[in-house]
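Everything on this sheet refers to the single structure shown next.
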Amino acid sequence: MLTKDQILDRQVALLVQSTPDEETASAVSLIASVLKAIAQNLRHTTYIVIQDLEGGWLLTPLSNHDNPELEKTTIYAYCDRTPANIDRLKLNDAQLECGEYNVIDMLFRLIGMKQVDSIVFFDRATDTQNGIEIVRSEIEELCEKQIKRAQFGLQKLNEFKNNPDISNIA
């Protein structure tokens, strides 16, 4: 039986392997640690999402009770098929189904969904009122910081390699 950490490592490896080219794979590898760190704060490694027949995730607009003009768009992710199906059936739409996704894929996909503000992960099958909200802009910010750190490290490595006084010491 694999540990949660091993499962997340496999999900990261699959994500990197599914990239179209080496450059994209390198970029995904750079942000993988961010995605994995976020995923480790969730209880499950896969979640169920209500989606249309083409695989487009159901977007839920939410408005702030105190400030109704403040609206955000979120996606609900369920740890179990039963509550997902109950919510799907409440919508009374034959064009909707439930799809299961790896948490790493979901977090990666969220980064590119500019029209979505967050995903709310429900970690208990019996509670779809209290979830863990992962905000897209926060993931983007963490990924950008990770890429900048890597670029800075690469720059320093190149400076070291190109400085004959320093590189001859080794």
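By order in the structure tokens, chains are A, B, ...; within a chain, residues start at 1; ligands start at 1, following the order shown.
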
Any idea what's packed within 10 Å of region 122-124 of chain A, counting only C-alpha atoms, ignoring anything in its chain fewer than 4 positions away? Could you give it as a PyMOL selection string? chain A and resi 42-44+47-48+76-80+83-84+128-133

Store the residues of this selection in a file with N, CA and C atoms, as an mmCIF file, in the first residue's frame.
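Result file follows (selection_32.cif):
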data_model
loop_
_atom_site.group_PDB
_atom_site.id
_atom_site.type_symbol
_atom_site.label_atom_id
_atom_site.label_comp_id
_atom_site.auth_asym_id
_atom_site.auth_seq_id
_atom_site.Cartn_x
_atom_site.Cartn_y
_atom_site.Cartn_z
ATOM 1 N N LEU A 42 -4.587 18.566 2.218
ATOM 2 C CA LEU A 42 -5.910 17.972 1.997
ATOM 3 C C LEU A 42 -5.860 16.516 2.440
ATOM 4 N N ARG A 43 -7.007 15.956 2.771
ATOM 5 C CA ARG A 43 -7.038 14.579 3.294
ATOM 6 C C ARG A 43 -6.926 13.511 2.213
ATOM 7 N N HIS A 44 -7.371 13.829 1.000
ATOM 8 C CA HIS A 44 -7.490 12.800 -0.031
ATOM 9 C C HIS A 44 -6.586 13.094 -1.228
ATOM 10 N N TYR A 47 -10.385 13.495 -5.944
ATOM 11 C CA TYR A 47 -11.652 14.147 -5.615
ATOM 12 C C TYR A 47 -12.613 14.015 -6.789
ATOM 13 N N ILE A 48 -13.891 14.129 -6.485
ATOM 14 C CA ILE A 48 -14.970 14.041 -7.475
ATOM 15 C C ILE A 48 -15.456 15.454 -7.783
ATOM 16 N N TYR A 76 -16.606 22.954 -6.731
ATOM 17 C CA TYR A 76 -16.685 22.077 -5.570
ATOM 18 C C TYR A 76 -16.042 20.736 -5.907
ATOM 19 N N ALA A 77 -15.191 20.264 -4.987
ATOM 20 C CA ALA A 77 -14.523 18.974 -5.140
ATOM 21 C C ALA A 77 -14.882 18.111 -3.925
ATOM 22 N N TYR A 78 -15.453 16.950 -4.186
ATOM 23 C CA TYR A 78 -15.954 16.067 -3.122
ATOM 24 C C TYR A 78 -15.011 14.883 -2.941
ATOM 25 N N CYS A 79 -14.876 14.447 -1.699
ATOM 26 C CA CYS A 79 -14.004 13.295 -1.424
ATOM 27 C C CYS A 79 -14.711 11.973 -1.696
ATOM 28 N N ASP A 80 -16.025 12.036 -1.923
ATOM 29 C CA ASP A 80 -16.819 10.822 -2.080
ATOM 30 C C ASP A 80 -17.879 11.052 -3.160
ATOM 31 N N PRO A 83 -22.050 12.358 -1.972
ATOM 32 C CA PRO A 83 -22.489 13.754 -1.887
ATOM 33 C C PRO A 83 -22.396 14.477 -3.238
ATOM 34 N N ALA A 84 -21.418 14.114 -4.058
ATOM 35 C CA ALA A 84 -21.292 14.726 -5.387
ATOM 36 C C ALA A 84 -22.525 14.397 -6.225
ATOM 37 N N THR A 128 -20.749 18.812 3.391
ATOM 38 C CA THR A 128 -20.491 19.606 2.186
ATOM 39 C C THR A 128 -20.795 21.082 2.447
ATOM 40 N N GLN A 129 -20.718 21.474 3.702
ATOM 41 C CA GLN A 129 -20.891 22.882 4.069
ATOM 42 C C GLN A 129 -19.543 23.521 4.426
ATOM 43 N N ASN A 130 -18.647 22.712 4.966
ATOM 44 C CA ASN A 130 -17.353 23.220 5.415
ATOM 45 C C ASN A 130 -16.234 22.552 4.637
ATOM 46 N N GLY A 131 -15.623 23.313 3.758
ATOM 47 C CA GLY A 131 -14.541 22.771 2.952
ATOM 48 C C GLY A 131 -13.277 23.594 3.116
ATOM 49 N N ILE A 132 -12.241 23.144 2.452
ATOM 50 C CA ILE A 132 -10.973 23.861 2.436
ATOM 51 C C ILE A 132 -10.884 24.563 1.087
ATOM 52 N N GLU A 133 -10.825 25.883 1.124
ATOM 53 C CA GLU A 133 -10.795 26.655 -0.117
ATOM 54 C C GLU A 133 -9.350 26.898 -0.537
#

Find the residues near Glu71 (chain A): any atom within 6 Å, counting only C-alpha atoms, skip ones fewer than 2 places away on the same chain, and give them as an mmCIF file with N, CA and C atoms, in the first residue's frame.
data_model
loop_
_atom_site.group_PDB
_atom_site.id
_atom_site.type_symbol
_atom_site.label_atom_id
_atom_site.label_comp_id
_atom_site.auth_asym_id
_atom_site.auth_seq_id
_atom_site.Cartn_x
_atom_site.Cartn_y
_atom_site.Cartn_z
ATOM 1 N N LEU A 62 -20.633 32.437 -6.281
ATOM 2 C CA LEU A 62 -20.986 32.687 -4.881
ATOM 3 C C LEU A 62 -20.944 34.185 -4.635
ATOM 4 N N SER A 63 -21.927 34.695 -3.905
ATOM 5 C CA SER A 63 -21.885 36.112 -3.546
ATOM 6 C C SER A 63 -21.735 36.244 -2.041
ATOM 7 N N GLU A 69 -22.447 42.491 -4.160
ATOM 8 C CA GLU A 69 -21.797 42.741 -5.449
ATOM 9 C C GLU A 69 -20.421 42.085 -5.542
#

Pull the closest atom pair for each residue of region 71-117 of chain A that gets at most 7 Å from region 10-28 of chain A, along with the distance in Å to one decimal, counting only C-alpha atoms, ordering rows by chain and then ascending residue number, as a Markdown table.
| residue | atom | partner | partner_atom | distance |
| --- | --- | --- | --- | --- |
| A:Asn102 | CA | A:Gln11 | CA | 6.8 |
| A:Ile104 | CA | A:Gln11 | CA | 6.2 |
| A:Asp105 | CA | A:Leu15 | CA | 6.8 |

Every residue of chain A that DSSP places in alpha helix (DSSP H), as an NGL selection string: :A and (4-17 or 22-40 or 81-90 or 103-111 or 136-162 or 164-167)

Find the residues near Glu141 (chain A): any atom within 12 Å, counting only C-alpha atoms, skip ones fewer than 5 places away on the same chain, and give them as a list in words.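 Once the adjacent positions are removed, what remains is Ile31, Val34, Leu35, Ile111, Val135, Arg136, Gln146, Ile147 and Lys148 of chain A.
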
Could you save the residues just selected, with C-alpha atoms, as a PDB file, in the first residue's frame?
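selection.pdb written:
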ATOM      1  CA  ILE A  31       6.057  24.186  -9.568  1.00  0.00           C
ATOM      2  CA  VAL A  34       4.154  23.922  -4.605  1.00  0.00           C
ATOM      3  CA  LEU A  35       1.296  21.748  -5.854  1.00  0.00           C
ATOM      4  CA  ILE A 111      -3.822  27.732 -12.310  1.00  0.00           C
ATOM      5  CA  VAL A 135      -7.525  30.192  -4.041  1.00  0.00           C
ATOM      6  CA  ARG A 136      -6.166  30.297  -7.610  1.00  0.00           C
ATOM      7  CA  GLN A 146       9.155  29.171  -6.937  1.00  0.00           C
ATOM      8  CA  ILE A 147      10.074  29.904 -10.569  1.00  0.00           C
ATOM      9  CA  LYS A 148      11.882  33.134  -9.587  1.00  0.00           C
TER      10      LYS A 148
END

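Near Pro61 (chain A), within 9 Å and counting only C-alpha atoms, sit Glu71, Lys72, Thr73, Thr74 and Ile75 of chain A; same-chain residues fewer than 5 positions away were not included.
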